[in-house]
>>> print(open('model38.csv').read())   # CSV, C-alpha atoms
chain,number,residue,atom,x,y,z
A,1,MET,CA,80.8,118.1,94.6
A,2,SER,CA,78.3,116.0,92.7
A,3,ARG,CA,80.9,115.5,89.9
A,4,PHE,CA,83.3,114.2,92.5
A,5,TYR,CA,80.8,111.6,93.9
A,6,PHE,CA,79.8,110.6,90.4
A,7,ARG,CA,83.3,109.8,89.3
A,8,ARG,CA,84.1,108.0,92.5
A,9,VAL,CA,81.0,105.9,92.2
A,10,LEU,CA,81.9,104.9,88.7
A,11,ARG,CA,85.5,103.9,89.8
A,12,ILE,CA,84.7,102.0,92.9
A,13,PHE,CA,81.1,100.6,93.0
A,14,PRO,CA,80.9,98.5,89.8
A,15,LEU,CA,83.9,96.3,90.5
A,16,TYR,CA,83.4,96.1,94.2
A,17,PHE,CA,79.7,95.1,94.1
A,18,GLY,CA,80.4,93.0,91.0
A,19,VAL,CA,82.9,90.9,92.9
A,20,LEU,CA,80.4,90.5,95.8
A,21,ILE,CA,77.7,89.3,93.4
A,22,ILE,CA,80.1,86.8,91.7
A,23,LEU,CA,81.2,85.4,95.0
A,24,LEU,CA,77.6,84.8,96.0
A,25,LEU,CA,76.7,83.2,92.6
A,26,ILE,CA,79.6,80.8,92.2
A,27,PRO,CA,78.6,78.5,95.1
A,28,ILE,CA,75.0,78.5,93.8
A,29,LEU,CA,76.2,77.4,90.3
A,30,ILE,CA,78.7,74.9,91.9
A,31,PRO,CA,76.8,73.3,94.8
A,32,VAL,CA,79.9,71.5,96.1
A,33,LEU,CA,81.2,74.9,97.2
A,34,ARG,CA,78.1,75.6,99.4
A,35,ASP,CA,79.5,74.8,102.8
A,36,ALA,CA,79.3,76.3,106.3
A,37,ASP,CA,81.9,79.0,105.3
A,38,TYR,CA,79.7,80.1,102.4
A,39,GLU,CA,76.6,80.3,104.6
A,40,ARG,CA,78.5,82.5,107.0
A,41,PHE,CA,79.6,84.7,104.1
A,42,VAL,CA,75.9,85.1,103.1
A,43,GLN,CA,75.0,86.1,106.6
A,44,MET,CA,77.8,88.7,106.6
A,45,GLN,CA,76.5,90.4,103.4
A,46,PRO,CA,75.0,93.5,105.0
A,47,TRP,CA,78.4,94.5,106.3
A,48,PHE,CA,79.8,94.4,102.8
A,49,TRP,CA,77.0,96.1,100.9
A,50,LEU,CA,76.9,98.9,103.4
A,51,HIS,CA,80.7,99.4,103.2
A,52,ALA,CA,81.0,98.4,106.9
A,53,ALA,CA,83.7,95.7,106.6
A,54,ASN,CA,85.9,97.7,108.9
A,55,ILE,CA,83.2,97.9,111.5
A,56,ALA,CA,82.6,94.1,111.3
A,57,ARG,CA,86.4,93.6,111.7
A,58,GLU,CA,86.4,95.6,114.9
A,59,PHE,CA,83.1,94.2,116.2
A,60,TYR,CA,84.1,90.6,115.8
A,61,GLY,CA,87.8,91.0,116.5
A,62,VAL,CA,90.7,91.6,114.1
A,63,THR,CA,91.8,88.0,114.3
A,64,ASN,CA,88.3,86.5,113.8
A,65,PRO,CA,88.0,85.1,110.3
A,66,VAL,CA,84.5,86.5,109.8
A,67,LEU,CA,85.4,88.3,106.6
A,68,GLU,CA,86.6,85.2,104.8
A,69,PHE,CA,84.9,82.1,103.6
A,70,GLY,CA,86.4,78.8,102.3
A,71,ARG,CA,88.8,79.6,99.6
A,72,PHE,CA,88.4,83.4,99.5
A,73,GLU,CA,89.0,86.3,101.9
A,74,LEU,CA,87.6,89.7,102.0
A,75,THR,CA,89.3,91.1,105.0
A,76,HIS,CA,91.1,93.8,103.0
A,77,PHE,CA,87.8,95.5,102.2
A,78,TRP,CA,88.0,97.1,105.6
A,79,SER,CA,90.3,99.8,104.2
A,80,LEU,CA,87.9,100.5,101.3
A,81,SER,CA,85.2,101.0,103.8
A,82,VAL,CA,87.2,103.6,105.7
A,83,GLU,CA,87.8,105.4,102.4
A,84,GLU,CA,84.1,105.4,101.5
A,85,HIS,CA,83.3,106.8,105.0
A,86,PHE,CA,85.9,109.5,104.4
A,87,TYR,CA,84.2,110.4,101.1
A,88,LEU,CA,80.9,110.9,102.9
A,89,PHE,CA,82.0,113.7,105.2
A,90,TRP,CA,85.2,115.3,103.8
A,91,PRO,CA,83.6,117.1,100.8
A,92,LEU,CA,80.9,118.3,103.1
A,93,LEU,CA,83.5,119.8,105.5
A,94,LEU,CA,85.1,121.6,102.5
A,95,TYR,CA,81.7,122.9,101.5
A,96,PHE,CA,80.5,124.2,104.8
A,97,LEU,CA,83.8,125.1,106.6
A,98,GLY,CA,85.8,126.3,103.6
A,99,ARG,CA,89.4,125.7,102.7
A,100,ARG,CA,90.8,127.8,105.5
A,101,SER,CA,89.6,125.5,108.2
A,102,ILE,CA,90.9,122.3,106.6
A,103,LEU,CA,94.3,122.4,108.2
A,104,LEU,CA,92.8,122.7,111.6
A,105,VAL,CA,90.3,119.9,110.9
A,106,THR,CA,93.2,117.8,109.6
A,107,LEU,CA,95.2,118.4,112.8
A,108,ILE,CA,92.2,117.4,114.9
A,109,LEU,CA,91.7,114.2,112.9
A,110,VAL,CA,95.3,113.3,113.3
A,111,VAL,CA,95.1,113.8,117.1
A,112,ILE,CA,91.9,111.8,117.3
A,113,SER,CA,93.3,109.0,115.1
A,114,THR,CA,96.5,108.7,117.1
A,115,VAL,CA,94.8,108.8,120.5
A,116,LEU,CA,92.4,106.0,119.4
A,117,LYS,CA,95.1,103.9,117.9
A,118,LEU,CA,97.2,104.2,121.1
A,119,GLY,CA,94.1,103.3,123.2
A,120,LEU,CA,94.5,106.4,125.3
A,121,VAL,CA,90.7,106.8,125.4
A,122,GLU,CA,88.3,103.9,126.0
A,123,ILE,CA,85.7,103.8,123.3
A,124,SER,CA,83.7,101.1,121.6
A,125,PRO,CA,85.7,99.5,118.8
A,126,VAL,CA,82.8,99.9,116.5
A,127,LEU,CA,82.7,103.7,117.0
A,128,ALA,CA,86.5,103.9,116.5
A,129,ALA,CA,86.6,101.7,113.5
A,130,THR,CA,86.7,104.6,111.0
A,131,PRO,CA,88.0,107.6,113.0
A,132,LYS,CA,91.3,105.9,114.0
A,133,TYR,CA,92.3,105.5,110.4
A,134,LEU,CA,91.4,108.9,109.1
A,135,ALA,CA,94.7,110.7,109.7
A,136,GLY,CA,96.4,109.6,106.5
A,137,LEU,CA,93.4,110.4,104.3
A,138,ALA,CA,93.1,113.8,105.9
A,139,ILE,CA,96.8,114.6,105.5
A,140,GLY,CA,96.7,113.6,101.8
A,141,SER,CA,93.6,115.7,101.2
A,142,ALA,CA,95.2,118.7,102.9
A,143,ALA,CA,98.3,118.3,100.8
A,144,ALA,CA,96.1,118.5,97.7
A,145,ILE,CA,94.5,121.7,98.9
A,146,TYR,CA,97.7,123.4,100.2
A,147,PRO,CA,100.5,121.8,98.2
A,148,LEU,CA,102.9,124.7,99.0
A,149,LEU,CA,102.9,123.7,102.7
A,150,PHE,CA,104.0,120.2,101.8
A,151,GLY,CA,107.3,121.2,100.1
A,152,ARG,CA,110.7,119.7,100.5
A,153,ARG,CA,111.5,121.6,103.7
A,154,PHE,CA,108.5,120.1,105.4
A,155,LEU,CA,109.4,116.7,103.9
A,156,TRP,CA,112.9,116.8,105.5
A,157,LEU,CA,111.5,118.0,108.8
A,158,CYS,CA,109.1,115.1,108.9
A,159,ILE,CA,111.9,112.7,108.0
A,160,LEU,CA,114.1,114.1,110.8
A,161,VAL,CA,111.3,113.9,113.4
A,162,LEU,CA,110.4,110.4,112.3
A,163,PHE,CA,114.1,109.3,112.6
A,164,MET,CA,114.4,110.8,116.1
A,165,MET,CA,111.2,109.2,117.3
A,166,VAL,CA,112.3,105.8,115.9
A,167,ILE,CA,115.6,106.1,117.8
A,168,TRP,CA,113.8,107.2,121.0
A,169,LEU,CA,110.8,104.9,121.0
A,170,GLY,CA,112.0,102.0,118.9
A,171,VAL,CA,110.2,100.4,115.9
A,172,THR,CA,108.4,97.8,118.0
A,173,SER,CA,107.3,100.2,120.7
A,174,GLU,CA,103.6,100.2,121.7
A,175,TYR,CA,103.7,103.9,120.8
A,176,SER,CA,104.7,103.1,117.2
A,177,TYR,CA,101.3,104.4,116.0
A,178,ILE,CA,102.6,107.9,116.5
A,179,PHE,CA,104.8,107.2,113.4
A,180,SER,CA,101.7,106.8,111.1
A,181,PRO,CA,100.9,110.6,110.7
A,182,LEU,CA,104.5,111.3,110.0
A,183,ILE,CA,104.8,108.6,107.4
A,184,SER,CA,101.5,109.9,105.8
A,185,ALA,CA,103.0,113.4,105.7
A,186,ILE,CA,106.2,112.2,104.1
A,187,CYS,CA,104.1,110.3,101.4
A,188,ALA,CA,102.0,113.4,100.9
A,189,CYS,CA,105.1,115.6,100.4
A,190,PHE,CA,106.4,113.0,97.9
A,191,CYS,CA,103.1,113.1,96.0
A,192,VAL,CA,103.2,116.9,95.9
A,193,ASP,CA,106.7,116.9,94.6
A,194,VAL,CA,105.9,114.3,91.9
A,195,THR,CA,103.2,116.6,90.5
A,196,SER,CA,105.7,119.3,89.9
A,197,LYS,CA,107.1,119.6,86.3
A,198,LYS,CA,110.6,120.0,87.8
A,199,SER,CA,110.4,116.9,89.9
A,200,ILE,CA,113.4,114.6,89.6
A,201,TYR,CA,110.9,111.7,89.9
A,202,ASN,CA,109.0,112.4,86.7
A,203,ARG,CA,111.2,110.4,84.4
A,204,PRO,CA,111.5,107.2,86.5
A,205,LEU,CA,107.8,107.3,87.4
A,206,SER,CA,106.9,107.7,83.8
A,207,ASN,CA,108.0,104.1,83.2
A,208,PRO,CA,105.3,102.2,81.3
A,209,LEU,CA,105.4,99.4,83.7
A,210,LEU,CA,104.7,101.7,86.7
A,211,ILE,CA,101.9,103.4,84.7
A,212,MET,CA,100.4,100.0,84.0
A,213,PHE,CA,100.4,99.1,87.7
A,214,GLY,CA,98.8,102.5,88.5
A,215,LYS,CA,96.1,101.9,85.9
A,216,TYR,CA,95.1,98.5,87.3
A,217,SER,CA,95.9,99.2,90.9
A,218,TYR,CA,92.3,99.2,92.1
A,219,GLY,CA,91.6,95.9,90.5
A,220,ILE,CA,94.8,94.5,92.0
A,221,TYR,CA,93.7,95.7,95.4
A,222,VAL,CA,90.3,94.1,95.0
A,223,TYR,CA,91.5,90.7,93.7
A,224,HIS,CA,94.9,90.2,95.4
A,225,TYR,CA,93.7,89.1,98.8
A,226,LEU,CA,90.8,86.9,97.6
A,227,PHE,CA,93.3,84.0,97.1
A,228,ALA,CA,95.1,84.3,100.4
A,229,PRO,CA,93.4,81.4,102.1
A,230,MET,CA,94.2,79.1,99.1
A,231,LEU,CA,97.9,80.0,99.3
A,232,ARG,CA,98.0,79.6,103.1
A,233,SER,CA,96.7,76.1,102.7
A,234,VAL,CA,99.3,75.0,100.1
A,235,PRO,CA,101.9,72.5,101.6
A,236,LEU,CA,105.1,74.2,100.4
A,237,HIS,CA,107.2,71.3,101.4
A,238,SER,CA,105.4,69.0,99.0
A,239,PHE,CA,106.7,70.7,95.9
A,240,PRO,CA,109.4,69.1,93.9
A,241,GLY,CA,112.6,70.8,95.0
A,242,GLY,CA,111.3,71.5,98.5
A,243,TYR,CA,110.1,74.5,100.4
A,244,ALA,CA,112.0,77.1,98.5
A,245,ILE,CA,110.5,76.1,95.1
A,246,GLY,CA,107.0,76.0,96.7
A,247,ALA,CA,107.5,79.5,98.0
A,248,ILE,CA,108.6,80.8,94.7
A,249,VAL,CA,105.7,79.2,92.9
A,250,CYS,CA,103.2,80.7,95.4
A,251,VAL,CA,104.7,84.1,95.3
A,252,THR,CA,104.7,84.1,91.5
A,253,PHE,CA,101.1,83.0,91.5
A,254,TYR,CA,100.2,85.8,94.0
A,255,LEU,CA,102.0,88.4,91.9
A,256,THR,CA,100.8,87.4,88.5
A,257,VAL,CA,97.2,86.0,88.8
A,258,PRO,CA,95.6,89.0,90.5
A,259,LEU,CA,97.3,91.3,88.0
A,260,ALA,CA,96.0,89.2,85.0
A,261,ILE,CA,92.5,89.2,86.5
A,262,ALA,CA,92.7,92.9,87.1
A,263,ILE,CA,93.7,93.6,83.5
A,264,ALA,CA,90.9,91.5,82.1
A,265,SER,CA,88.5,93.0,84.6
A,266,TYR,CA,89.5,96.6,83.6
A,267,ARG,CA,89.2,96.0,79.9
A,268,TRP,CA,86.0,94.0,79.8
A,269,PHE,CA,84.0,95.1,82.8
A,270,GLU,CA,85.3,98.4,84.3
A,271,ALA,CA,86.1,100.3,81.1
A,272,PRO,CA,82.4,100.9,80.0
A,273,PHE,CA,81.6,102.4,83.4
A,274,LEU,CA,84.8,104.5,83.5
A,275,ALA,CA,84.0,105.8,80.0
A,276,LEU,CA,80.9,107.5,81.5
A,277,LYS,CA,83.2,109.8,83.5
A,278,ASP,CA,84.0,111.8,80.4
A,279,GLY,CA,80.3,112.4,79.7
A,280,ARG,CA,79.9,114.5,82.8
>>> encode(input="model38.csv", output="structure tokens")
Amino acid sequence: MSRFYFRRVLRIFPLYFGVLIILLLIPILIPVLRDADYERFVQMQPWFWLHAANIAREFYGVTNPVLEFGRFELTHFWSLSVEEHFYLFWPLLLYFLGRRSILLVTLILVVISTVLKLGLVEISPVLAATPKYLAGLAIGSAAAIYPLLFGRRFLWLCILVLFMMVIWLGVTSEYSYIFSPLISAICACFCVDVTSKKSIYNRPLSNPLLIMFGKYSYGIYVYHYLFAPMLRSVPLHSFPGGYAIGAIVCVTFYLTVPLAIAIASYRWFEAPFLALKDGR
């Protein structure tokens, strides 16, 4: 278990905390950027450093821009916070309860998550901030432990049930959160199938371009949403050629710049930390 935590820390912490430090230092080095939004970001630091961005998001309200400042936005770190919270207790469950209890625990977490998302139980948003998003993580972990249960028969069963529920409830239904565990199960089945040497997806997923995106995926996740406020403020109609050209330019920027930064970050910052994985 210590090996698991060691490897996860090396993968996640250096880049995450490095970005937080850089965002704090830039306005200090460039005083013109020190505005009210920056001061609010400084006040919000404990939420980020304690991996509690998801709790802050629920506490202040999902639509409240507390997790953004000026030209940058950190709202997406709520999902990383949920992941970190999951890492805190899931290995402990495996250690104390054993593998045989994991399927039951997964089912319980799926029920709790769905009930909280549907609002069937009144509970403080802060207390529900992590539990209501644990279903997908639990299903994926259960698939890794019991891959034989997530075979193609189960895959087609999940697809059939999902299709029937969409027809019955509708995509925009207030009960659409019920779909989430099924979608997670379908994705888990797909991942299990991909790991098989006989999988029909091995060759297409071995494409160097896809491998590259997988390699830099964490960096892309960290950087991609930082620039969202900048792009939202761009007047697309002012571009030569009109709105369409402006949209193409912004989408191109959004797809290429975070990727370029992620590649540079991986090679010159993350790589030395990741190399320590092999030493343990």
>>> residues_around(input="model38.csv", residues="A:Thr130", least_positions_apart="5", cutoff="8 Å", atoms="only C-alpha atoms", output="list in words")
Asn54, Ile55, Val82 and His85 of chain A
>>> closest_residue(input="model38.csv", among="A:Phe163, A:Phe13, A:Phe59, A:Phe96", to="A:Ser124", atoms="all atoms listed in the file")
A:Phe59
>>> atom_distance(input="model38.csv", atom1="atom CA of A:Tyr216", atom2="atom CA of A:Ile263")
6.4 Å
>>> residues_around(input="model38.csv", residues="A:Glu73", least_positions_apart="5", cutoff="7 Å", atoms="all atoms listed in the file", output="ChimeraX atom specification")
/A:67-68,225-229
>>> closest_residue(input="model38.csv", among="A:Val192, A:Leu157, A:Leu74, A:Pro181", to="A:Leu107", atoms="only C-alpha atoms")
A:Pro181
>>> atom_distance(input="model38.csv", atom1="atom CA of A:Val249", atom2="atom CA of A:Leu231")
10.1 Å
>>> residues_around(input="model38.csv", residues="A:Thr114", least_positions_apart="3", cutoff="7 Å", atoms="all atoms listed in the file", output="list in words")
Val110, Val111, Lys117, Leu118, Lys132, Tyr177 and Ile178 of chain A
>>> residues_around(input="model38.csv", residues="A:Arg8", least_positions_apart="2", cutoff="12 Å", atoms="all atoms listed in the file", output="VMD selection string")
chain A and resid 1 to 6 10 to 15 83 to 84 87 to 88 273 to 274 276 to 277
>>> closest_residue(input="model38.csv", among="A:Trp49, A:Phe150, A:Phe253, A:Tyr16", to="A:Phe269", atoms="all atoms listed in the file")
A:Tyr16
>>> closest_residue(input="model38.csv", among="A:Ser217, A:Ser206, A:Ser79, A:Ser238", to="A:Ala262", atoms="only C-alpha atoms")
A:Ser217
>>> closest_residue(input="model38.csv", among="A:Gly219, A:Pro240, A:Gly246, A:Pro235", to="A:Pro258", atoms="all atoms listed in the file")
A:Gly219
>>> decode(input="model38.csv", residues="stretch 192-232 of chain A", atoms="N, CA and C atoms", output="PDB file, in the first residue's frame")
ATOM      1  N   VAL A 192     -11.441  -3.116 -19.213  1.00  0.00           N
ATOM      2  CA  VAL A 192     -11.072  -4.508 -18.977  1.00  0.00           C
ATOM      3  C   VAL A 192     -10.824  -5.213 -20.307  1.00  0.00           C
ATOM      4  N   ASP A 193     -11.667  -4.964 -21.280  1.00  0.00           N
ATOM      5  CA  ASP A 193     -11.524  -5.601 -22.590  1.00  0.00           C
ATOM      6  C   ASP A 193     -10.237  -5.160 -23.272  1.00  0.00           C
ATOM      7  N   VAL A 194      -9.898  -3.884 -23.111  1.00  0.00           N
ATOM      8  CA  VAL A 194      -8.697  -3.347 -23.751  1.00  0.00           C
ATOM      9  C   VAL A 194      -7.440  -4.024 -23.218  1.00  0.00           C
ATOM     10  N   THR A 195      -7.438  -4.382 -21.933  1.00  0.00           N
ATOM     11  CA  THR A 195      -6.255  -5.002 -21.338  1.00  0.00           C
ATOM     12  C   THR A 195      -6.033  -6.429 -21.814  1.00  0.00           C
ATOM     13  N   SER A 196      -7.021  -7.016 -22.469  1.00  0.00           N
ATOM     14  CA  SER A 196      -6.886  -8.375 -22.990  1.00  0.00           C
ATOM     15  C   SER A 196      -6.026  -8.373 -24.257  1.00  0.00           C
ATOM     16  N   LYS A 197      -5.166  -9.359 -24.379  1.00  0.00           N
ATOM     17  CA  LYS A 197      -4.316  -9.450 -25.566  1.00  0.00           C
ATOM     18  C   LYS A 197      -5.124  -9.725 -26.824  1.00  0.00           C
ATOM     19  N   LYS A 198      -6.319 -10.291 -26.666  1.00  0.00           N
ATOM     20  CA  LYS A 198      -7.166 -10.609 -27.817  1.00  0.00           C
ATOM     21  C   LYS A 198      -8.136  -9.479 -28.165  1.00  0.00           C
ATOM     22  N   SER A 199      -8.032  -8.379 -27.476  1.00  0.00           N
ATOM     23  CA  SER A 199      -8.977  -7.281 -27.696  1.00  0.00           C
ATOM     24  C   SER A 199      -8.849  -6.722 -29.107  1.00  0.00           C
ATOM     25  N   ILE A 200      -9.994  -6.437 -29.705  1.00  0.00           N
ATOM     26  CA  ILE A 200      -9.996  -5.856 -31.054  1.00  0.00           C
ATOM     27  C   ILE A 200      -9.574  -4.390 -31.028  1.00  0.00           C
ATOM     28  N   TYR A 201      -9.466  -3.819 -29.829  1.00  0.00           N
ATOM     29  CA  TYR A 201      -9.118  -2.402 -29.719  1.00  0.00           C
ATOM     30  C   TYR A 201      -7.612  -2.181 -29.562  1.00  0.00           C
ATOM     31  N   ASN A 202      -6.841  -3.255 -29.406  1.00  0.00           N
ATOM     32  CA  ASN A 202      -5.408  -3.105 -29.158  1.00  0.00           C
ATOM     33  C   ASN A 202      -4.697  -2.328 -30.255  1.00  0.00           C
ATOM     34  N   ARG A 203      -4.973  -2.712 -31.503  1.00  0.00           N
ATOM     35  CA  ARG A 203      -4.267  -2.063 -32.605  1.00  0.00           C
ATOM     36  C   ARG A 203      -4.652  -0.589 -32.756  1.00  0.00           C
ATOM     37  N   PRO A 204      -5.951  -0.241 -32.814  1.00  0.00           N
ATOM     38  CA  PRO A 204      -6.278   1.184 -32.959  1.00  0.00           C
ATOM     39  C   PRO A 204      -5.832   2.021 -31.765  1.00  0.00           C
ATOM     40  N   LEU A 205      -5.849   1.444 -30.549  1.00  0.00           N
ATOM     41  CA  LEU A 205      -5.450   2.204 -29.373  1.00  0.00           C
ATOM     42  C   LEU A 205      -3.936   2.257 -29.203  1.00  0.00           C
ATOM     43  N   SER A 206      -3.224   1.516 -30.051  1.00  0.00           N
ATOM     44  CA  SER A 206      -1.764   1.572 -30.027  1.00  0.00           C
ATOM     45  C   SER A 206      -1.225   2.678 -30.926  1.00  0.00           C
ATOM     46  N   ASN A 207      -2.121   3.484 -31.458  1.00  0.00           N
ATOM     47  CA  ASN A 207      -1.716   4.600 -32.302  1.00  0.00           C
ATOM     48  C   ASN A 207      -0.821   5.553 -31.511  1.00  0.00           C
ATOM     49  N   PRO A 208       0.320   5.931 -32.073  1.00  0.00           N
ATOM     50  CA  PRO A 208       1.259   6.805 -31.349  1.00  0.00           C
ATOM     51  C   PRO A 208       0.626   8.111 -30.876  1.00  0.00           C
ATOM     52  N   LEU A 209      -0.318   8.645 -31.652  1.00  0.00           N
ATOM     53  CA  LEU A 209      -0.966   9.887 -31.252  1.00  0.00           C
ATOM     54  C   LEU A 209      -1.771   9.698 -29.976  1.00  0.00           C
ATOM     55  N   LEU A 210      -2.513   8.598 -29.890  1.00  0.00           N
ATOM     56  CA  LEU A 210      -3.295   8.316 -28.692  1.00  0.00           C
ATOM     57  C   LEU A 210      -2.388   8.045 -27.492  1.00  0.00           C
ATOM     58  N   ILE A 211      -1.289   7.349 -27.735  1.00  0.00           N
ATOM     59  CA  ILE A 211      -0.328   7.091 -26.660  1.00  0.00           C
ATOM     60  C   ILE A 211       0.253   8.393 -26.140  1.00  0.00           C
ATOM     61  N   MET A 212       0.520   9.325 -27.055  1.00  0.00           N
ATOM     62  CA  MET A 212       1.043  10.622 -26.640  1.00  0.00           C
ATOM     63  C   MET A 212       0.050  11.355 -25.746  1.00  0.00           C
ATOM     64  N   PHE A 213      -1.219  11.354 -26.143  1.00  0.00           N
ATOM     65  CA  PHE A 213      -2.229  12.023 -25.331  1.00  0.00           C
ATOM     66  C   PHE A 213      -2.361  11.357 -23.962  1.00  0.00           C
ATOM     67  N   GLY A 214      -2.228  10.030 -23.928  1.00  0.00           N
ATOM     68  CA  GLY A 214      -2.278   9.337 -22.645  1.00  0.00           C
ATOM     69  C   GLY A 214      -1.110   9.717 -21.754  1.00  0.00           C
ATOM     70  N   LYS A 215       0.044   9.859 -22.347  1.00  0.00           N
ATOM     71  CA  LYS A 215       1.251  10.198 -21.596  1.00  0.00           C
ATOM     72  C   LYS A 215       1.145  11.570 -20.954  1.00  0.00           C
ATOM     73  N   TYR A 216       0.574  12.510 -21.664  1.00  0.00           N
ATOM     74  CA  TYR A 216       0.493  13.883 -21.177  1.00  0.00           C
ATOM     75  C   TYR A 216      -0.901  14.246 -20.664  1.00  0.00           C
ATOM     76  N   SER A 217      -1.748  13.248 -20.468  1.00  0.00           N
ATOM     77  CA  SER A 217      -3.151  13.516 -20.120  1.00  0.00           C
ATOM     78  C   SER A 217      -3.305  14.279 -18.806  1.00  0.00           C
ATOM     79  N   TYR A 218      -2.491  13.938 -17.809  1.00  0.00           N
ATOM     80  CA  TYR A 218      -2.627  14.630 -16.522  1.00  0.00           C
ATOM     81  C   TYR A 218      -2.259  16.103 -16.658  1.00  0.00           C
ATOM     82  N   GLY A 219      -1.194  16.387 -17.387  1.00  0.00           N
ATOM     83  CA  GLY A 219      -0.815  17.775 -17.615  1.00  0.00           C
ATOM     84  C   GLY A 219      -1.880  18.533 -18.386  1.00  0.00           C
ATOM     85  N   ILE A 220      -2.468  17.882 -19.389  1.00  0.00           N
ATOM     86  CA  ILE A 220      -3.548  18.515 -20.148  1.00  0.00           C
ATOM     87  C   ILE A 220      -4.712  18.841 -19.228  1.00  0.00           C
ATOM     88  N   TYR A 221      -5.038  17.896 -18.341  1.00  0.00           N
ATOM     89  CA  TYR A 221      -6.116  18.135 -17.377  1.00  0.00           C
ATOM     90  C   TYR A 221      -5.813  19.353 -16.503  1.00  0.00           C
ATOM     91  N   VAL A 222      -4.592  19.429 -15.995  1.00  0.00           N
ATOM     92  CA  VAL A 222      -4.234  20.522 -15.086  1.00  0.00           C
ATOM     93  C   VAL A 222      -4.275  21.869 -15.791  1.00  0.00           C
ATOM     94  N   TYR A 223      -3.769  21.927 -17.028  1.00  0.00           N
ATOM     95  CA  TYR A 223      -3.595  23.217 -17.705  1.00  0.00           C
ATOM     96  C   TYR A 223      -4.799  23.662 -18.529  1.00  0.00           C
ATOM     97  N   HIS A 224      -5.625  22.703 -19.006  1.00  0.00           N
ATOM     98  CA  HIS A 224      -6.591  23.074 -20.042  1.00  0.00           C
ATOM     99  C   HIS A 224      -7.603  24.111 -19.591  1.00  0.00           C
ATOM    100  N   TYR A 225      -8.038  24.038 -18.327  1.00  0.00           N
ATOM    101  CA  TYR A 225      -9.120  24.931 -17.894  1.00  0.00           C
ATOM    102  C   TYR A 225      -8.606  26.250 -17.347  1.00  0.00           C
ATOM    103  N   LEU A 226      -7.298  26.368 -17.158  1.00  0.00           N
ATOM    104  CA  LEU A 226      -6.742  27.608 -16.621  1.00  0.00           C
ATOM    105  C   LEU A 226      -7.069  28.799 -17.515  1.00  0.00           C
ATOM    106  N   PHE A 227      -7.137  28.532 -18.821  1.00  0.00           N
ATOM    107  CA  PHE A 227      -7.305  29.621 -19.781  1.00  0.00           C
ATOM    108  C   PHE A 227      -8.762  29.895 -20.145  1.00  0.00           C
ATOM    109  N   ALA A 228      -9.677  29.167 -19.540  1.00  0.00           N
ATOM    110  CA  ALA A 228     -11.090  29.320 -19.891  1.00  0.00           C
ATOM    111  C   ALA A 228     -11.587  30.764 -19.751  1.00  0.00           C
ATOM    112  N   PRO A 229     -11.292  31.477 -18.638  1.00  0.00           N
ATOM    113  CA  PRO A 229     -11.776  32.865 -18.536  1.00  0.00           C
ATOM    114  C   PRO A 229     -11.254  33.762 -19.647  1.00  0.00           C
ATOM    115  N   MET A 230     -10.010  33.545 -20.069  1.00  0.00           N
ATOM    116  CA  MET A 230      -9.459  34.357 -21.162  1.00  0.00           C
ATOM    117  C   MET A 230     -10.257  34.155 -22.441  1.00  0.00           C
ATOM    118  N   LEU A 231     -10.529  32.891 -22.752  1.00  0.00           N
ATOM    119  CA  LEU A 231     -11.232  32.599 -24.003  1.00  0.00           C
ATOM    120  C   LEU A 231     -12.676  33.071 -23.955  1.00  0.00           C
ATOM    121  N   ARG A 232     -13.295  32.999 -22.773  1.00  0.00           N
ATOM    122  CA  ARG A 232     -14.682  33.476 -22.658  1.00  0.00           C
ATOM    123  C   ARG A 232     -14.787  34.970 -22.879  1.00  0.00           C
TER     124      ARG A 232
END
